[in-house]
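Shown here: data.cif, mmCIF, C-alpha atoms.
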data_model
#
loop_
_atom_site.label_atom_id
_atom_site.label_comp_id
_atom_site.auth_asym_id
_atom_site.auth_seq_id
_atom_site.Cartn_x
_atom_site.Cartn_y
_atom_site.Cartn_z
CA MET Q 1 8.49 -18.58 89.29
CA TYR Q 2 8.80 -22.24 88.41
CA GLU Q 3 10.95 -24.63 90.38
CA ARG Q 4 13.89 -26.04 88.42
CA TYR Q 5 14.36 -29.79 88.55
CA ASP Q 6 18.07 -29.94 87.77
CA THR Q 7 20.12 -33.14 87.78
CA ASP Q 8 23.44 -34.01 89.37
CA GLU Q 9 24.59 -35.48 86.08
CA GLN Q 10 28.19 -34.62 85.27
CA PRO Q 11 28.89 -34.20 81.55
CA ILE Q 12 31.75 -36.20 80.10
CA ALA Q 13 33.01 -33.30 78.07
CA GLU Q 14 33.19 -29.62 78.95
CA ASP Q 15 30.75 -28.76 76.18
CA GLY Q 16 28.35 -31.49 77.39
CA GLU Q 17 28.40 -33.42 74.13
CA LEU Q 18 31.51 -34.41 72.19
CA ILE Q 19 35.17 -34.41 73.07
CA ARG Q 20 37.36 -33.25 70.22
CA PRO Q 21 39.27 -36.32 69.02
CA ASP Q 22 43.04 -36.39 68.85
CA ARG Q 23 44.69 -36.77 65.43
CA ARG Q 24 44.90 -40.57 65.60
CA THR Q 25 41.24 -40.90 66.59
CA PHE Q 26 40.21 -38.41 63.93
CA LEU Q 27 42.05 -40.31 61.18
CA ALA Q 28 40.50 -43.59 62.32
CA ALA Q 29 37.06 -42.03 62.24
CA LEU Q 30 37.67 -40.55 58.80
CA ALA Q 31 38.76 -43.92 57.45
CA ALA Q 32 35.73 -45.65 58.95
CA THR Q 33 33.39 -43.02 57.55
CA SER Q 34 34.88 -43.41 54.08
CA ALA Q 35 34.19 -47.12 54.32
CA GLY Q 36 30.57 -46.36 55.15
CA LEU Q 37 30.67 -48.17 58.47
CA LEU Q 38 28.96 -45.57 60.64
CA ALA Q 39 25.73 -43.75 59.98
CA GLY Q 40 25.88 -40.11 60.81
CA GLY Q 41 29.61 -40.02 60.09
CA LEU Q 42 32.09 -38.69 62.56
CA PRO Q 43 30.09 -38.37 65.81
CA ASP Q 44 29.95 -42.13 66.48
CA LEU Q 45 33.71 -42.61 66.26
CA ALA Q 46 34.70 -39.19 67.49
CA ALA Q 47 33.14 -40.25 70.74
CA ALA Q 48 35.82 -42.93 71.04
CA ALA Q 49 38.43 -40.48 72.30
CA PRO Q 50 40.54 -42.12 75.03
CA THR Q 51 39.33 -39.67 77.68
CA ARG Q 52 35.82 -41.10 77.31
CA GLY Q 53 36.63 -44.24 79.29
CA SER Q 54 36.73 -47.93 78.46
CA LEU Q 55 32.97 -48.62 78.43
CA GLN Q 56 32.46 -45.79 75.96
CA ARG Q 57 35.06 -47.30 73.64
CA GLN Q 58 33.58 -50.77 74.01
CA VAL Q 59 30.12 -49.55 73.00
CA VAL Q 60 31.54 -47.70 69.99
CA GLU Q 61 33.50 -50.77 68.92
CA LEU Q 62 30.46 -53.03 69.32
CA VAL Q 63 28.20 -50.71 67.32
CA THR Q 64 30.88 -50.41 64.63
CA SER Q 65 31.20 -54.21 64.51
CA MET Q 66 27.44 -54.62 64.14
CA ARG Q 67 27.48 -52.17 61.26
CA ARG Q 68 30.17 -54.22 59.54
CA GLN Q 69 27.99 -57.31 59.97
CA GLY Q 70 24.97 -55.57 58.45
CA MET Q 71 23.00 -55.53 61.70
CA LEU Q 72 22.79 -51.75 61.30
CA GLN Q 73 22.50 -50.04 57.94
CA PRO Q 74 24.63 -47.00 56.98
CA SER Q 75 21.51 -44.81 56.88
CA GLU Q 76 20.45 -45.77 60.41
CA LYS Q 77 21.54 -43.42 63.17
CA THR Q 78 21.97 -44.31 66.81
CA SER Q 79 22.16 -42.64 70.24
CA TRP Q 80 23.44 -44.25 73.44
CA SER Q 81 23.62 -43.08 77.04
CA VAL Q 82 24.62 -44.75 80.31
CA TYR Q 83 24.72 -43.11 83.74
CA ASP Q 84 26.29 -44.95 86.68
CA PHE Q 85 24.49 -44.07 89.94
CA SER Q 86 27.14 -45.68 92.12
CA ALA Q 87 29.91 -43.56 90.60
CA ARG Q 88 27.56 -40.59 90.05
CA LYS Q 89 28.82 -40.00 86.52
CA LYS Q 90 27.99 -40.48 82.87
CA VAL Q 91 29.99 -43.35 81.40
CA VAL Q 92 28.57 -43.51 77.86
CA SER Q 93 27.47 -40.55 75.75
CA ILE Q 94 27.16 -41.15 72.00
CA ASN Q 95 25.09 -38.75 69.88
CA GLU Q 96 23.28 -38.04 73.13
CA GLY Q 97 22.04 -34.53 72.39
CA VAL Q 98 20.53 -35.30 68.98
CA PRO Q 99 16.71 -35.05 68.96
CA ARG Q 100 15.21 -38.27 67.61
CA GLN Q 101 11.71 -39.61 67.12
CA ALA Q 102 10.23 -40.39 70.51
CA ALA Q 103 7.55 -42.96 69.62
CA SER Q 104 6.16 -44.49 72.85
CA MET Q 105 9.16 -43.38 74.89
CA ILE Q 106 7.32 -40.06 75.16
CA LYS Q 107 4.69 -41.68 77.42
CA PRO Q 108 6.54 -41.39 80.78
CA LEU Q 109 7.07 -37.72 79.96
CA VAL Q 110 3.32 -37.29 79.40
CA ALA Q 111 2.72 -38.87 82.81
CA GLN Q 112 5.31 -36.55 84.35
CA ALA Q 113 3.53 -33.49 82.94
CA TYR Q 114 0.36 -34.61 84.74
CA PHE Q 115 2.32 -35.14 87.98
CA PHE Q 116 3.72 -31.62 87.67
CA GLN Q 117 0.19 -30.26 87.57
CA MET Q 118 -0.60 -32.15 90.79
CA ASP Q 119 2.48 -30.81 92.56
CA GLY Q 120 2.44 -28.32 95.42
CA LYS Q 121 -0.01 -25.55 96.24
CA ARG Q 122 -0.67 -24.98 92.56
CA GLY Q 123 -1.97 -28.51 92.22
CA GLN Q 124 -4.72 -28.38 89.60
CA VAL Q 125 -5.58 -32.04 89.13
CA ARG Q 126 -6.13 -35.12 91.31
CA TYR Q 127 -4.67 -38.60 91.04
CA THR Q 128 -7.92 -40.52 90.86
CA ASP Q 129 -8.19 -44.27 90.47
CA GLU Q 130 -9.29 -43.72 86.89
CA VAL Q 131 -6.21 -41.62 86.10
CA ARG Q 132 -3.94 -44.14 87.80
CA ARG Q 133 -5.38 -47.01 85.76
CA SER Q 134 -4.96 -45.00 82.55
CA MET Q 135 -1.33 -44.29 83.40
CA GLU Q 136 -0.68 -47.94 84.19
CA ARG Q 137 -2.12 -48.99 80.83
CA MET Q 138 -0.13 -46.23 79.14
CA LEU Q 139 3.21 -47.29 80.65
CA GLN Q 140 2.77 -51.05 81.05
CA ARG Q 141 0.75 -51.86 77.92
CA SER Q 142 1.72 -48.78 75.92
CA SER Q 143 -1.95 -47.88 75.45
CA ASN Q 144 -2.30 -45.10 72.89
CA PRO Q 145 -5.90 -44.08 73.80
CA ASP Q 146 -4.90 -43.71 77.45
CA THR Q 147 -1.89 -41.60 76.45
CA ASN Q 148 -4.14 -39.27 74.51
CA LYS Q 149 -6.51 -39.12 77.48
CA ILE Q 150 -3.72 -37.96 79.82
CA MET Q 151 -2.58 -35.44 77.20
CA ASP Q 152 -6.12 -34.02 77.13
CA LEU Q 153 -6.25 -33.78 80.93
CA VAL Q 154 -2.97 -31.84 80.95
CA SER Q 155 -4.17 -29.55 78.16
CA GLU Q 156 -7.47 -28.79 79.94
CA GLN Q 157 -5.48 -27.02 82.67
CA GLN Q 158 -3.43 -25.01 80.18
CA SER Q 159 -4.31 -23.19 76.98
CA ARG Q 160 -6.12 -26.16 75.39
CA ARG Q 161 -3.56 -26.39 72.61
CA GLY Q 162 -3.41 -30.16 72.88
CA PRO Q 163 -0.04 -31.96 72.95
CA ALA Q 164 1.87 -28.67 72.88
CA ASP Q 165 0.60 -28.01 76.40
CA VAL Q 166 2.36 -31.17 77.61
CA GLU Q 167 5.65 -29.85 76.26
CA LEU Q 168 4.92 -26.44 77.81
CA VAL Q 169 4.40 -27.91 81.30
CA LEU Q 170 7.58 -29.99 81.08
CA LYS Q 171 9.72 -27.07 79.98
CA GLN Q 172 8.22 -24.65 82.46
CA ARG Q 173 8.71 -26.97 85.40
CA ALA Q 174 11.97 -28.68 84.40
CA PRO Q 175 13.76 -26.67 81.70
CA ALA Q 176 17.14 -28.17 82.59
CA VAL Q 177 15.83 -31.69 81.97
CA PHE Q 178 13.64 -31.47 78.86
CA GLN Q 179 15.90 -29.48 76.57
CA GLU Q 180 15.39 -31.32 73.25
CA THR Q 181 11.85 -32.57 73.89
CA ARG Q 182 9.22 -31.64 71.30
CA ILE Q 183 5.60 -32.82 71.67
CA VAL Q 184 3.34 -31.80 68.80
CA GLU Q 185 0.96 -34.70 68.17
CA LYS Q 186 -1.23 -37.23 69.90
CA ILE Q 187 -0.67 -40.93 69.22
CA PRO Q 188 -2.63 -41.74 66.03
CA THR Q 189 -5.01 -44.69 66.05
CA THR Q 190 -2.54 -46.49 63.78
CA GLY Q 191 0.21 -45.97 66.37
CA GLN Q 192 2.42 -44.40 63.71
CA THR Q 193 3.76 -41.35 65.52
CA TYR Q 194 6.82 -39.78 63.95
CA ARG Q 195 6.72 -36.09 64.89
CA ASN Q 196 7.27 -36.10 68.66
CA GLN Q 197 10.93 -35.91 69.55
CA ALA Q 198 13.36 -36.14 72.46
CA SER Q 199 17.07 -36.77 72.86
CA ALA Q 200 18.84 -39.56 74.72
CA HIS Q 201 20.17 -36.81 76.98
CA ASP Q 202 16.63 -35.73 77.89
CA TYR Q 203 15.69 -39.31 78.75
CA SER Q 204 18.89 -39.64 80.80
CA ARG Q 205 18.24 -36.45 82.77
CA PHE Q 206 14.63 -37.52 83.33
CA LEU Q 207 15.59 -40.98 84.59
CA ILE Q 208 18.26 -39.58 86.91
CA SER Q 209 15.84 -37.06 88.39
CA VAL Q 210 13.14 -39.69 88.91
CA TRP Q 211 15.53 -42.24 90.42
CA ASP Q 212 16.89 -39.62 92.81
CA GLY Q 213 13.37 -38.62 93.85
CA ARG Q 214 13.63 -35.09 92.52
CA MET Q 215 10.53 -35.22 90.33
CA PRO Q 216 6.99 -35.03 91.74
CA ASN Q 217 5.58 -38.52 92.31
CA SER Q 218 8.92 -40.18 91.51
CA LYS Q 219 8.07 -43.33 93.48
CA GLU Q 220 4.81 -43.77 91.63
CA MET Q 221 6.55 -43.22 88.29
CA LEU Q 222 9.09 -45.92 89.12
CA ARG Q 223 6.36 -48.28 90.29
CA MET Q 224 4.57 -47.99 86.96
CA MET Q 225 7.73 -48.17 84.85
CA GLY Q 226 8.65 -51.29 86.83
CA LEU Q 227 5.42 -53.15 86.08
CA PRO Q 228 5.99 -56.36 84.07
CA SER Q 229 6.17 -55.51 80.38
CA GLY Q 230 8.29 -56.02 77.31
CA ASN Q 231 11.75 -54.49 77.27
CA ARG Q 232 14.99 -54.62 75.30
CA LEU Q 233 17.28 -53.97 78.26
CA SER Q 234 16.95 -57.31 80.08
CA LYS Q 235 14.54 -59.66 78.29
CA GLY Q 236 16.51 -61.75 75.86
CA VAL Q 237 19.80 -60.57 77.40
CA ALA Q 238 21.29 -63.90 78.44
CA ALA Q 239 23.91 -62.60 80.87
CA LEU Q 240 21.56 -60.48 82.99
CA PRO Q 241 20.61 -62.27 86.24
CA GLU Q 242 17.03 -62.84 87.34
CA ALA Q 243 17.75 -60.54 90.28
CA ALA Q 244 17.90 -57.54 87.91
CA ARG Q 245 15.01 -55.09 88.21
CA VAL Q 246 14.16 -52.91 85.23
CA TYR Q 247 12.18 -49.64 85.14
CA ASN Q 248 11.74 -48.76 81.48
CA LYS Q 249 9.71 -47.69 78.48
CA THR Q 250 10.22 -48.94 74.94
CA GLY Q 251 9.49 -47.12 71.70
CA SER Q 252 8.68 -48.91 68.44
CA THR Q 253 7.64 -47.71 64.99
CA ALA Q 254 8.66 -48.63 61.46
CA MET Q 255 11.26 -45.85 61.73
CA LEU Q 256 12.45 -46.16 65.33
CA CYS Q 257 13.47 -48.82 67.81
CA GLY Q 258 14.39 -47.67 71.29
CA ASP Q 259 14.35 -48.28 75.00
CA MET Q 260 15.18 -46.18 78.02
CA GLY Q 261 15.27 -47.19 81.64
CA VAL Q 262 17.08 -47.92 84.88
CA ILE Q 263 18.54 -51.33 85.68
CA GLU Q 264 19.11 -52.20 89.34
CA ILE Q 265 21.19 -55.25 90.33
CA PRO Q 266 22.61 -56.37 93.71
CA ASP Q 267 26.27 -57.12 94.21
CA ARG Q 268 27.56 -60.22 95.96
CA ARG Q 269 27.19 -58.51 99.34
CA GLY Q 270 23.55 -57.69 98.71
CA ARG Q 271 24.07 -53.97 98.00
CA ASN Q 272 22.12 -52.62 95.05
CA HIS Q 273 23.74 -50.79 92.14
CA ALA Q 274 21.77 -48.97 89.47
CA TYR Q 275 22.53 -47.48 86.08
CA THR Q 276 20.55 -45.98 83.22
CA VAL Q 277 20.56 -47.32 79.68
CA VAL Q 278 19.18 -45.36 76.74
CA GLY Q 279 19.44 -46.85 73.26
CA ILE Q 280 17.82 -45.39 70.15
CA ILE Q 281 18.02 -46.57 66.54
CA GLU Q 282 16.40 -44.32 63.93
CA ARG Q 283 16.01 -44.82 60.21
CA PRO Q 284 15.11 -42.16 57.58
CA SER Q 285 12.19 -44.08 56.05
CA ARG Q 286 9.69 -46.74 57.08
CA ALA Q 287 10.95 -50.31 57.11
CA GLU Q 288 9.20 -52.49 54.55
CA ASN Q 289 9.06 -55.44 56.95
CA TYR Q 290 8.29 -53.85 60.30
CA GLY Q 291 8.29 -57.08 62.31
CA ALA Q 292 11.68 -58.27 61.08
CA TRP Q 293 13.26 -54.83 61.40
CA ILE Q 294 12.04 -54.14 64.95
CA ARG Q 295 13.16 -57.60 66.13
CA SER Q 296 16.63 -57.27 64.67
CA ARG Q 297 17.16 -53.73 65.98
CA GLY Q 298 15.83 -54.78 69.36
CA ASP Q 299 18.58 -57.40 69.37
CA VAL Q 300 21.13 -54.65 68.70
CA ILE Q 301 19.99 -52.84 71.84
CA ARG Q 302 20.09 -56.12 73.77
CA ARG Q 303 23.70 -56.72 72.73
CA VAL Q 304 24.69 -53.26 73.90
CA SER Q 305 22.80 -53.74 77.18
CA ASN Q 306 24.60 -57.05 77.69
CA LEU Q 307 27.96 -55.36 77.17
CA ILE Q 308 27.07 -52.64 79.68
CA TYR Q 309 26.02 -55.22 82.26
CA GLN Q 310 29.28 -57.14 81.85
CA ASP Q 311 31.24 -53.95 82.50
CA MET Q 312 29.13 -53.11 85.57
CA LYS Q 313 29.42 -56.68 86.81
CA ASP Q 314 33.21 -56.52 86.72
CA ARG Q 315 33.26 -53.06 88.25
CA TYR Q 316 30.96 -53.79 91.21
CA ARG Q 317 31.08 -57.60 91.48
CA LEU Q 318 27.41 -57.86 90.65
CA VAL Q 319 25.57 -61.17 90.85
#
Please express the file's structure as structure tokens.
Amino acid sequence: MYERYDTDEQPIAEDGELIRPDRRTFLAALAATSAGLLAGGLPDLAAAAPTRGSLQRQVVELVTSMRRQGMLQPSEKTSWSVYDFSARKKVVSINEGVPRQAASMIKPLVAQAYFFQMDGKRGQVRYTDEVRRSMERMLQRSSNPDTNKIMDLVSEQQSRRGPADVELVLKQRAPAVFQETRIVEKIPTTGQTYRNQASAHDYSRFLISVWDGRMPNSKEMLRMMGLPSGNRLSKGVAALPEAARVYNKTGSTAMLCGDMGVIEIPDRRGRNHAYTVVGIIERPSRAENYGAWIRSRGDVIRRVSNLIYQDMKDRYRLV
């Protein structure tokens, strides 16, 4: 019998995904879709139903505006998720349950599978200095060889089916968290990994569980995700204060630009407030100019992160 690592996350809608739009919202979405402003059609604007809350609408409007400006192409699909720990509720959920390419955002999940195998009386592996250094390189420097090494260590304790064993451990130990996660390949030497998948909702549930200390070795996971590294949630986001702490993992390929993490910021009384941000942009084919594409889509995520911070700042009088 495996322990279930459930989350306290409260879904915005009763069905956990989309609220049915009223007639006015539906007609607005239909008109926008006809104009080719939103990739993926209705889901982006259907999520703008008034019951979703003001931050949800602001994110939808910003993404729609960036599409009009050509910062996002009609063929590019997006997912967004924000969970407010102070309010204990989800405040943004856009295309959250859609499985998308995981790229390097799969790496914290690989580390978590290893931590599951260490957990409790069934602990099968040890957290040696060598393993710790590999995990640090995997999460801080996004090392592909170290990721494959941890995958192999997980698989050695299972059926030796390779990456599939990582998925098996995650879903056995935390089926309520990793619902749309699919791990089928190691990270190729070229770094071009397109087959592993996860949803923004899976990342959200994972981050909530880790932040709340309900995953094995949560503190160590946060320590490693908080090591200085590149991110699209605070670096280059002008409004975010230096006091902000970020625990994240990016994902970058010629077909995906993403970031997922927790941002923690003190208010004017010195009390910390934290919230998750998950942003994923996926395209159907490889970008011809990878460098230009990944920079521009990273800026899209930064603009959304800036908007979220401004809302949280007003709500909690953050610094």
Discussion item. When you count only C-alpha atoms, which of these residues is closest to Q:Pro108: Q:Thr147, Q:Asn306, Q:Thr190, Q:Ser79?
Written reply: Q:Thr147
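Picture a line from atom CA of Q:Met221 to atom CA of Q:Ile294; it runs 26.3 Å.
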Discussion item. Suppose a student applies the PyMOL selection byres ((chain Q and resi 180) around 9) to this structure; what residues should they get, written as an NGL selection string?
Written reply: :Q and (97-100 or 177-179 or 181-182 or 197-199 or 201-202)
Output file for the residues above (C-alpha atoms, as a PDB file, in the frame of the given file):
ATOM      1  CA  GLY Q  97      22.040 -34.530  72.390  1.00  0.00           C
ATOM      2  CA  VAL Q  98      20.530 -35.300  68.980  1.00  0.00           C
ATOM      3  CA  PRO Q  99      16.710 -35.050  68.960  1.00  0.00           C
ATOM      4  CA  ARG Q 100      15.210 -38.270  67.610  1.00  0.00           C
ATOM      5  CA  VAL Q 177      15.830 -31.690  81.970  1.00  0.00           C
ATOM      6  CA  PHE Q 178      13.640 -31.470  78.860  1.00  0.00           C
ATOM      7  CA  GLN Q 179      15.900 -29.480  76.570  1.00  0.00           C
ATOM      8  CA  THR Q 181      11.850 -32.570  73.890  1.00  0.00           C
ATOM      9  CA  ARG Q 182       9.220 -31.640  71.300  1.00  0.00           C
ATOM     10  CA  GLN Q 197      10.930 -35.910  69.550  1.00  0.00           C
ATOM     11  CA  ALA Q 198      13.360 -36.140  72.460  1.00  0.00           C
ATOM     12  CA  SER Q 199      17.070 -36.770  72.860  1.00  0.00           C
ATOM     13  CA  HIS Q 201      20.170 -36.810  76.980  1.00  0.00           C
ATOM     14  CA  ASP Q 202      16.630 -35.730  77.890  1.00  0.00           C
TER      15      ASP Q 202
END
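Comparing the minimum interatomic distances between Q:His273 and each of Q:Asp84, Q:Met224, Q:Lys249, Q:Lys219, counting only C-alpha atoms, we find that Q:Asp84 sits nearest.
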Discussion item. Residues within 10 Å of Q:Ser143, please, as a VMD selection string. Count all atoms listed in the file; anything in the same chain fewer than 3 positions from it doesn't count.
Written reply: chain Q and resid 104 107 134 to 140 146 to 148 187 191
Worksheet item: Hey, which of Q:Gln73, Q:Gln158, Q:Gln192, Q:Gln124 ends up closest to Q:Asn144? Count all atoms listed in the file.
Response: Q:Gln192
Worksheet entry | Interatomic distance, atom CA of Q:Ser218 to atom CA of Q:Val278 (Å, one decimal) | 18.7 Å
Fill in: Nearest to Q:Val59 by atom-to-atom distance, counting all atoms listed in the file, from Q:Arg271, Q:Arg295, Q:Arg283, Q:Arg303
Q:Arg303
